[in-house]
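Presented below is the structure to which this report refers.
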Amino acid sequence: MAALCVGFISPAHAAPDPEKLYETHCLSCHAPNRLGGMGPTLLPESLARLKRADAYKAIAEGLPATQMPGFKEMLKEDEMQVLTAWIYTPNKIPPKWDAEDITASHIVNTENVGLPAKPVFKADPSNVTLVVEHGDHHISILDGDVMEPFHRFQTRYALHGGPKFTPDGRFVYWASRDGWITKYDLWNLKVVAEVRAGINTRNVAVSSDGQYVMVANYLPHTLVALSGKDLSLVKVIPVVARNGKTSRVSAVYDARPRASFVAALKDIPEVWEIPYDGRPVYKGLVHDYQYKEAIAEPGPLPVRQIVLDQILDDFFFDQSYNYLMGASRDVPKGQVVHMGVGRKIADLDIPGMPHLGSGITWEWTDDKGVTHPVMASPNLKDGHIQVIDMKTWKTLKVIPTAGPGFFLRSHEETPYAWADVFFGKNRDVMHVIDKRSLEVVADLKPEPGKTATHVEFDRYGKYALVSLWEMDGALIVYDAKTLKEVKRLPMKRPVGKYNVWNKTRLSAGTSH
Ligand code: HEC
């Protein structure tokens with residue numbers, strides 16, 4: 001039947017060919033192989049968060065106030081349908097982004113190199129907070145003492161993972177979804193350098209000596225080490241398991257007390273530790289007693305492969321970075337890994353889908369006056385916050401919430417932890433939990449019906465900042481003591497907020 005028809009169908013009635021349509025109408029902005037250029041990357045990994053109906057709408061009507069034109073006058077409905085479906089399919093040839101591509105993309109703004117080591121603004125540089133506005137791809141910079149923005153600028157498309165500061169707080173690095181890494185001079189308010197380190201990127205980590213920036217990629221399956229100085233390429237590290245299987249990298253962390261990067265891998269049951277202080281890593285060995293027979297891996301940034309029996313792609317570290325609490329989005333069971341010996345030392349009973357990456361820790365005192373280091377994390381599937389004793393690794397308490405949450409945050413100077421309800425009908429609620437009683441003591445509803453998310457504090461823990469996650473949203477400033485609203489700063493879909501002091505001092509109330 002199909003064979004018979006082919007001869008009769010005139011080209012005008014043939015099913016539209018998405019590749020041809022792409023070449024004619026989209027390639028000029030979205031680049032060959034959909035890798036992204038002036039317009040963003042259009043590959044399945046990149047579009048994971050974009051609903052197909054919204055992709056169709058973007059193609060038909062364009063995106064207001066951007067360079068993305070609407071095509072409904074130019075293309076037929078079925079052509080737009082076919083194009084929409086096609087951008088969610090992988091490339092025929094697996095996309096490549098190797099050392100050559102990375103180096104070719106490198107940009108250094110020489111006029112912004114070596115500027116004076118003195119802030120050009122009056123605000124206390126240690127109490128500055130960056131706010132990432134996803135709505136129109138901007139960053140706003142706030143003076144944390146008075147909670148007023150004093151600078152706002154455009155970023156690359158769709159920043160992903162948090163900005164990371166150098167220990168002195170002067171420079172900050174961030175990654176975009178499409179792999180662009182930026183080095184920014186926060187004291188001079190200038191972009192120093194940029195490089196495209198991948199096609200689909202999760203986050204960056206900066207070594208505590210400022211020497212290296214490590215990039216975690218989904219596409220290709222690599223970790224990319226860059227020079228902290230100018231983002232020039234140091235090394236591409238292919239992520240390959242002992243058995244040859246490659247993996248996406250979920251995230252990379254700076255384990256400062258260990259002078260190493262630690263990478264969470266999405267597809268293989270390994271955790272990678274990459275020392276950056278020059279100490280050796282011995283090939284193919286897990287336990288110390290094997291050192292004698294082992295050969296040290298040559299070159300900078302060697303990889304120590306910690307082999308586990310389960311994939312762990314979401315991490316929480318204790319403050320010493322000796323213990324890693326890990327979970328996998330697919331397995332409702334967690335593990336504690338001792339980083340020194342490189343193996344599991346305890347199981348964690350964490351039902352649902354814990355979001356360990358946004359957990360926090362504090363010292364909790366029981367009724368006998370004994371203090372316990374505890375960690376608490378929200379849950380992406382169940383409406384509860386789980387509090388775990390980090391000495392026994394047992395659950396101390398399950399605090400019910402009004403729905404699954406995304407972020408939990410606190411600060412050393414406040415007795416409260418703030419938990420959002422990110423999913424479901426109560427996503428406008430923000431719970432305030434007393435870290436002493438482990439009870440919810442207040443429910444805030446900044447704007448009924450609108451998602452309230454991601455709390456961060458200023459340096460002193462005086463203000464709590466809540467994001468009203470809307471295109472015409474706001475940053476809502478609360479008095480962290482009285483829980484009263486102080487003011488609202490209008491922002492375009494604000495998400496994360498990053499205070500220089502809290503992030504560089506590894507505050508226990510926030511992620512690092
Ligand atoms: C003149 C340049 C240009 C052309 C031509 C163009 N785009 Fe775009 N496109 C953009 C830009 C820029 C954006 C990002 C807009 C923004 O800032 O939100 C975008 C965004 C998109 C998005 C949303 C991506 C996301 O992650 O949210 C889709 C889908 C898309 N384009 C598909 C297409 C398709 C399919 C075509 C061809 C029919 C096309 N575009 C042609 C510039 C272009």
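Letters A, B, ... go to the chains of the structure tokens in the order shown; residues in each chain start at 1; ligands are counted from 1 in the same order.
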Counting only C-alpha atoms, what is within 8 Å of region 25-33 of chain A, bar same-chain residues fewer than 4 positions away, as a ChimeraX atom specification? /A:21,37-42,91,95
Could you write out the selected residues, including N, CA and C atoms, as an mmCIF file, in the first residue's frame?
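This went into out-v3.cif:
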data_model
loop_
_atom_site.group_PDB
_atom_site.id
_atom_site.type_symbol
_atom_site.label_atom_id
_atom_site.label_comp_id
_atom_site.auth_asym_id
_atom_site.auth_seq_id
_atom_site.Cartn_x
_atom_site.Cartn_y
_atom_site.Cartn_z
ATOM 1 N N LEU A 21 12.938 21.846 6.446
ATOM 2 C CA LEU A 21 12.291 23.035 7.022
ATOM 3 C C LEU A 21 13.245 23.744 7.974
ATOM 4 N N GLY A 37 23.179 28.862 18.452
ATOM 5 C CA GLY A 37 24.073 29.958 18.067
ATOM 6 C C GLY A 37 23.492 31.198 18.688
ATOM 7 N N MET A 38 22.957 32.078 17.850
ATOM 8 C CA MET A 38 22.263 33.241 18.400
ATOM 9 C C MET A 38 21.011 32.771 19.159
ATOM 10 N N GLY A 39 20.328 31.762 18.647
ATOM 11 C CA GLY A 39 19.192 31.153 19.351
ATOM 12 C C GLY A 39 19.672 29.945 20.133
ATOM 13 N N PRO A 40 18.887 29.497 21.119
ATOM 14 C CA PRO A 40 19.330 28.390 21.978
ATOM 15 C C PRO A 40 19.405 27.041 21.261
ATOM 16 N N THR A 41 20.065 26.082 21.897
ATOM 17 C CA THR A 41 20.185 24.714 21.408
ATOM 18 C C THR A 41 18.804 24.058 21.370
ATOM 19 N N LEU A 42 18.517 23.331 20.296
ATOM 20 C CA LEU A 42 17.218 22.659 20.189
ATOM 21 C C LEU A 42 17.417 21.144 20.116
ATOM 22 N N ASN A 91 19.862 14.016 17.563
ATOM 23 C CA ASN A 91 20.558 14.168 16.291
ATOM 24 C C ASN A 91 20.937 12.800 15.738
ATOM 25 N N PRO A 95 25.993 14.567 18.778
ATOM 26 C CA PRO A 95 26.655 15.863 18.723
ATOM 27 C C PRO A 95 28.021 15.825 19.398
#
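Minimum atom-to-atom distances from A:Pro490, A:Pro415, A:Pro94, A:Gly62 to Val477 (chain A) were compared using only C-alpha atoms, and the lowest value belongs to A:Pro490.
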Quick check for you: according to DSSP on this backbone, which residues of region 190-424 of chain A are classed as helix (DSSP H, G or I)? Reply as a PyMOL selection string. chain A and resi 256-258+288-293+356-358
Create the file for the chosen residues now, containing N, CA, C and O atoms and written as a PDB file, in the first residue's frame.
ATOM      1  N   ARG A 256      35.885  21.583  49.447  1.00  0.00           N
ATOM      2  CA  ARG A 256      36.988  22.462  49.853  1.00  0.00           C
ATOM      3  C   ARG A 256      37.927  21.832  50.885  1.00  0.00           C
ATOM      4  O   ARG A 256      39.135  21.843  50.683  1.00  0.00           O
ATOM      5  N   PRO A 257      37.414  21.240  52.004  1.00  0.00           N
ATOM      6  CA  PRO A 257      38.345  20.657  52.976  1.00  0.00           C
ATOM      7  C   PRO A 257      39.165  19.495  52.405  1.00  0.00           C
ATOM      8  O   PRO A 257      40.210  19.148  52.941  1.00  0.00           O
ATOM      9  N   ARG A 258      38.713  18.896  51.329  1.00  0.00           N
ATOM     10  CA  ARG A 258      39.447  17.781  50.719  1.00  0.00           C
ATOM     11  C   ARG A 258      40.297  18.227  49.532  1.00  0.00           C
ATOM     12  O   ARG A 258      40.967  17.407  48.905  1.00  0.00           O
ATOM     13  N   ASP A 288      43.196   1.799  50.023  1.00  0.00           N
ATOM     14  CA  ASP A 288      44.540   2.299  50.295  1.00  0.00           C
ATOM     15  C   ASP A 288      45.601   1.201  50.242  1.00  0.00           C
ATOM     16  O   ASP A 288      46.710   1.435  49.804  1.00  0.00           O
ATOM     17  N   TYR A 289      45.262  -0.007  50.730  1.00  0.00           N
ATOM     18  CA  TYR A 289      46.274  -1.057  50.849  1.00  0.00           C
ATOM     19  C   TYR A 289      46.794  -1.514  49.489  1.00  0.00           C
ATOM     20  O   TYR A 289      47.773  -2.233  49.401  1.00  0.00           O
ATOM     21  N   GLN A 290      46.141  -1.098  48.417  1.00  0.00           N
ATOM     22  CA  GLN A 290      46.601  -1.500  47.092  1.00  0.00           C
ATOM     23  C   GLN A 290      47.668  -0.556  46.548  1.00  0.00           C
ATOM     24  O   GLN A 290      48.206  -0.795  45.480  1.00  0.00           O
ATOM     25  N   TYR A 291      47.937   0.544  47.286  1.00  0.00           N
ATOM     26  CA  TYR A 291      48.830   1.583  46.772  1.00  0.00           C
ATOM     27  C   TYR A 291      50.136   1.051  46.188  1.00  0.00           C
ATOM     28  O   TYR A 291      50.633   1.555  45.209  1.00  0.00           O
ATOM     29  N   LYS A 292      50.686   0.009  46.841  1.00  0.00           N
ATOM     30  CA  LYS A 292      52.009  -0.481  46.472  1.00  0.00           C
ATOM     31  C   LYS A 292      52.125  -0.875  45.006  1.00  0.00           C
ATOM     32  O   LYS A 292      53.073  -0.534  44.334  1.00  0.00           O
ATOM     33  N   GLU A 293      51.068  -1.560  44.514  1.00  0.00           N
ATOM     34  CA  GLU A 293      51.156  -2.053  43.129  1.00  0.00           C
ATOM     35  C   GLU A 293      50.712  -1.003  42.115  1.00  0.00           C
ATOM     36  O   GLU A 293      50.819  -1.219  40.922  1.00  0.00           O
ATOM     37  N   LEU A 356      18.282  15.865  48.108  1.00  0.00           N
ATOM     38  CA  LEU A 356      19.401  16.051  49.033  1.00  0.00           C
ATOM     39  C   LEU A 356      20.223  17.282  48.664  1.00  0.00           C
ATOM     40  O   LEU A 356      20.768  17.965  49.524  1.00  0.00           O
ATOM     41  N   GLY A 357      20.319  17.545  47.375  1.00  0.00           N
ATOM     42  CA  GLY A 357      21.115  18.672  46.899  1.00  0.00           C
ATOM     43  C   GLY A 357      20.675  19.990  47.506  1.00  0.00           C
ATOM     44  O   GLY A 357      21.454  20.937  47.555  1.00  0.00           O
ATOM     45  N   SER A 358      19.446  20.070  47.979  1.00  0.00           N
ATOM     46  CA  SER A 358      19.050  21.327  48.592  1.00  0.00           C
ATOM     47  C   SER A 358      18.791  21.145  50.093  1.00  0.00           C
ATOM     48  O   SER A 358      18.027  21.872  50.699  1.00  0.00           O
TER      49      SER A 358
END
Pick the closest to ligand 1 from A:Gln154, A:Gln305, A:Asn112, A:Thr504: which is it, counting only C-alpha atoms and all ligand atoms?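 When distances to ligand 1 are compared using only C-alpha atoms and all ligand atoms, the smallest one comes from A:Gln154.
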Need to verify the contact set: Gly496 (chain A), 7 Å, only C-alpha atoms, exclusion of same-chain residues closer than 4 positions in sequence. Can you return it as JSON, numbers by chain? {"A": [131, 132, 454]}
Gly162 (chain A) environment, 12 Å, only C-alpha atoms, sequence neighbours closer than 3 positions dropped, as a PyMOL selection string: chain A and resi 130-132+139+158-159+165+172-177+181+202-206+251-253+357-358+495-500+503+510-512
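Every residue of region 232-295 of chain A with a DSSP assignment of strand (DSSP E or B), taken from the backbone, is listed as Leu233, Val234, Lys235, Val236, Ile237, Pro238, Val240, Thr246, Val249, Ser250, Ala251, Val252, Tyr253, Asp254, Ala255, Ser260, Phe261, Val262, Ala263, Ala264, Leu265, Glu270, Val271, Trp272, Glu273, Ile274, Pro275 and Tyr282 of chain A.
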Taking into account only C-alpha atoms and all ligand atoms, which residue in the set A:Glu73, A:Asp54, A:Asp267, A:Glu413 is nearest to ligand 1? A:Asp54
Could you give me, as a ChimeraX atom specification, the residues within 7 Å of region 375-385 of chain A, counting only C-alpha atoms and dropping anything in the same chain fewer than 5 positions from it? /A:352-356,358-362,390,398-408
Selection to disk with all heavy atoms, as a compact mmCIF listing (two decimals), in the first residue's frame:
# COMPACT_ATOMS: atom_id res chain seq x y z
N GLY A 352 10.14 8.27 48.93
CA GLY A 352 9.74 9.33 48.01
C GLY A 352 10.91 9.69 47.12
O GLY A 352 11.66 8.82 46.68
N MET A 353 11.10 10.98 46.87
CA MET A 353 12.19 11.43 46.03
C MET A 353 12.90 12.59 46.72
O MET A 353 12.61 13.75 46.48
CB MET A 353 11.63 11.87 44.68
CG MET A 353 12.62 11.82 43.55
SD MET A 353 11.94 12.60 42.09
CE MET A 353 11.02 11.26 41.37
N PRO A 354 13.81 12.24 47.66
CA PRO A 354 14.45 13.31 48.43
C PRO A 354 15.27 14.22 47.53
O PRO A 354 15.84 13.76 46.55
CB PRO A 354 15.36 12.55 49.40
CG PRO A 354 15.61 11.24 48.75
CD PRO A 354 14.37 10.92 47.97
N HIS A 355 15.33 15.48 47.86
CA HIS A 355 16.15 16.42 47.11
C HIS A 355 17.33 16.80 48.02
O HIS A 355 17.35 17.87 48.62
CB HIS A 355 15.32 17.65 46.73
CG HIS A 355 16.03 18.55 45.76
ND1 HIS A 355 15.75 19.89 45.65
CD2 HIS A 355 17.01 18.31 44.86
CE1 HIS A 355 16.53 20.43 44.72
NE2 HIS A 355 17.30 19.50 44.23
N LEU A 356 18.28 15.87 48.11
CA LEU A 356 19.40 16.05 49.03
C LEU A 356 20.22 17.28 48.66
O LEU A 356 20.77 17.96 49.52
CB LEU A 356 20.30 14.82 49.03
CG LEU A 356 19.63 13.50 49.48
CD1 LEU A 356 20.64 12.37 49.39
CD2 LEU A 356 19.09 13.63 50.89
N SER A 358 19.45 20.07 47.98
CA SER A 358 19.05 21.33 48.59
C SER A 358 18.79 21.15 50.09
O SER A 358 18.03 21.87 50.70
CB SER A 358 17.89 21.96 47.84
OG SER A 358 16.69 21.71 48.42
N GLY A 359 19.50 20.19 50.67
CA GLY A 359 19.41 19.99 52.11
C GLY A 359 20.23 21.01 52.88
O GLY A 359 21.04 21.74 52.30
N ILE A 360 20.00 21.06 54.19
CA ILE A 360 20.78 21.96 55.05
C ILE A 360 21.14 21.20 56.33
O ILE A 360 20.58 20.15 56.61
CB ILE A 360 19.99 23.24 55.43
CG1 ILE A 360 18.70 22.89 56.17
CG2 ILE A 360 19.71 24.06 54.20
CD1 ILE A 360 18.00 24.09 56.77
N THR A 361 22.10 21.73 57.08
CA THR A 361 22.44 21.08 58.34
C THR A 361 22.48 22.09 59.48
O THR A 361 22.64 23.28 59.26
CB THR A 361 23.81 20.34 58.27
OG1 THR A 361 24.70 20.96 59.19
CG2 THR A 361 24.42 20.37 56.93
N TRP A 362 22.29 21.60 60.70
CA TRP A 362 22.46 22.42 61.88
C TRP A 362 22.69 21.52 63.09
O TRP A 362 22.60 20.29 62.97
CB TRP A 362 21.26 23.36 62.10
CG TRP A 362 19.96 22.71 62.49
CD1 TRP A 362 19.51 22.47 63.75
CD2 TRP A 362 18.91 22.25 61.60
NE1 TRP A 362 18.24 21.88 63.71
CE2 TRP A 362 17.87 21.74 62.40
CE3 TRP A 362 18.77 22.21 60.22
CZ2 TRP A 362 16.70 21.21 61.86
CZ3 TRP A 362 17.60 21.67 59.68
CH2 TRP A 362 16.58 21.18 60.50
N MET A 390 23.01 12.86 61.74
CA MET A 390 24.20 12.52 60.97
C MET A 390 25.24 11.73 61.76
O MET A 390 26.34 11.49 61.26
CB MET A 390 24.82 13.77 60.36
CG MET A 390 23.98 14.31 59.20
SD MET A 390 24.92 15.36 58.08
CE MET A 390 25.12 16.77 59.09
N VAL A 398 10.00 13.21 60.68
CA VAL A 398 9.43 13.53 59.38
C VAL A 398 8.42 14.64 59.60
O VAL A 398 7.45 14.46 60.34
CB VAL A 398 8.77 12.29 58.74
CG1 VAL A 398 8.08 12.67 57.44
CG2 VAL A 398 9.82 11.20 58.49
N ILE A 399 8.68 15.79 59.02
CA ILE A 399 7.79 16.95 59.22
C ILE A 399 6.84 17.05 58.03
O ILE A 399 7.29 17.27 56.90
CB ILE A 399 8.61 18.25 59.34
CG1 ILE A 399 9.68 18.13 60.44
CG2 ILE A 399 7.71 19.44 59.59
CD1 ILE A 399 10.72 19.26 60.42
N PRO A 400 5.54 16.86 58.25
CA PRO A 400 4.61 16.93 57.11
C PRO A 400 4.50 18.36 56.57
O PRO A 400 4.56 19.32 57.33
CB PRO A 400 3.27 16.48 57.70
CG PRO A 400 3.46 16.30 59.15
CD PRO A 400 4.87 16.63 59.52
N THR A 401 4.39 18.47 55.24
CA THR A 401 4.22 19.79 54.61
C THR A 401 2.97 19.76 53.73
O THR A 401 2.37 18.70 53.54
CB THR A 401 5.44 20.13 53.74
OG1 THR A 401 5.59 19.12 52.73
CG2 THR A 401 6.72 20.20 54.55
N ALA A 402 2.64 20.92 53.16
CA ALA A 402 1.42 21.03 52.36
C ALA A 402 1.59 20.49 50.94
O ALA A 402 0.68 20.59 50.12
CB ALA A 402 0.96 22.50 52.32
N GLY A 403 2.77 19.91 50.65
CA GLY A 403 3.01 19.34 49.33
C GLY A 403 4.50 19.18 49.11
O GLY A 403 5.31 19.66 49.91
N PRO A 404 4.88 18.48 48.02
CA PRO A 404 6.30 18.29 47.73
C PRO A 404 7.01 19.64 47.58
O PRO A 404 6.43 20.59 47.08
CB PRO A 404 6.30 17.53 46.40
CG PRO A 404 4.95 16.93 46.30
CD PRO A 404 4.02 17.84 47.01
N GLY A 405 8.27 19.69 47.99
CA GLY A 405 9.00 20.95 47.96
C GLY A 405 10.28 20.84 47.16
O GLY A 405 10.72 19.74 46.80
N PHE A 406 10.89 21.96 46.90
CA PHE A 406 12.13 21.98 46.12
C PHE A 406 13.31 22.47 46.95
O PHE A 406 14.39 21.91 46.90
CB PHE A 406 11.95 22.88 44.89
CG PHE A 406 12.77 22.44 43.73
CD1 PHE A 406 12.27 21.50 42.84
CD2 PHE A 406 14.04 22.93 43.52
CE1 PHE A 406 13.03 21.07 41.76
CE2 PHE A 406 14.81 22.50 42.44
CZ PHE A 406 14.30 21.57 41.57
N PHE A 407 13.10 23.55 47.71
CA PHE A 407 14.21 24.15 48.43
C PHE A 407 13.92 24.27 49.92
O PHE A 407 12.80 24.53 50.32
CB PHE A 407 14.51 25.56 47.91
CG PHE A 407 15.05 25.57 46.51
CD1 PHE A 407 14.23 25.96 45.45
CD2 PHE A 407 16.35 25.19 46.25
CE1 PHE A 407 14.72 25.98 44.16
CE2 PHE A 407 16.84 25.21 44.96
CZ PHE A 407 16.03 25.61 43.91
N LEU A 408 14.98 24.10 50.71
CA LEU A 408 14.93 24.31 52.15
C LEU A 408 16.15 25.16 52.47
O LEU A 408 17.25 24.87 52.00
CB LEU A 408 15.02 22.97 52.85
CG LEU A 408 15.00 22.97 54.38
CD1 LEU A 408 13.64 23.42 54.89
CD2 LEU A 408 15.31 21.58 54.93
Given the choices A:Gly70, A:Ile93, A:Glu79, A:Ala419, which gets closest to Arg34 (chain A) if the distance is worked out from only C-alpha atoms? A:Ile93
So which one's closest to Val234 (chain A), A:Ala346, A:Ile102, A:Val271, A:Ala123? Using only C-alpha atoms, please.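 The closest residue to Val234 (chain A) is A:Ile102.
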Given only C-alpha atoms as the basis, pick out the residue of A:Arg505, A:Leu483, A:Lys92, A:Arg436 nearest to Thr166 (chain A).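 Nearest candidate to Thr166 (chain A) out of A:Arg505, A:Leu483, A:Lys92, A:Arg436: A:Arg505.
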Please identify all polymer residues within 10 Å of Ser126 (chain A), counting only C-alpha atoms, omitting same-chain residues fewer than 6 positions from it, and present them as a list in words.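 Counting only the stated atoms, we get Asp143, Gly144, Asp168, Gly169, Arg170, Asp458, Arg459, Asn499, Val500, Trp501, Asn502 and Thr504 of chain A.
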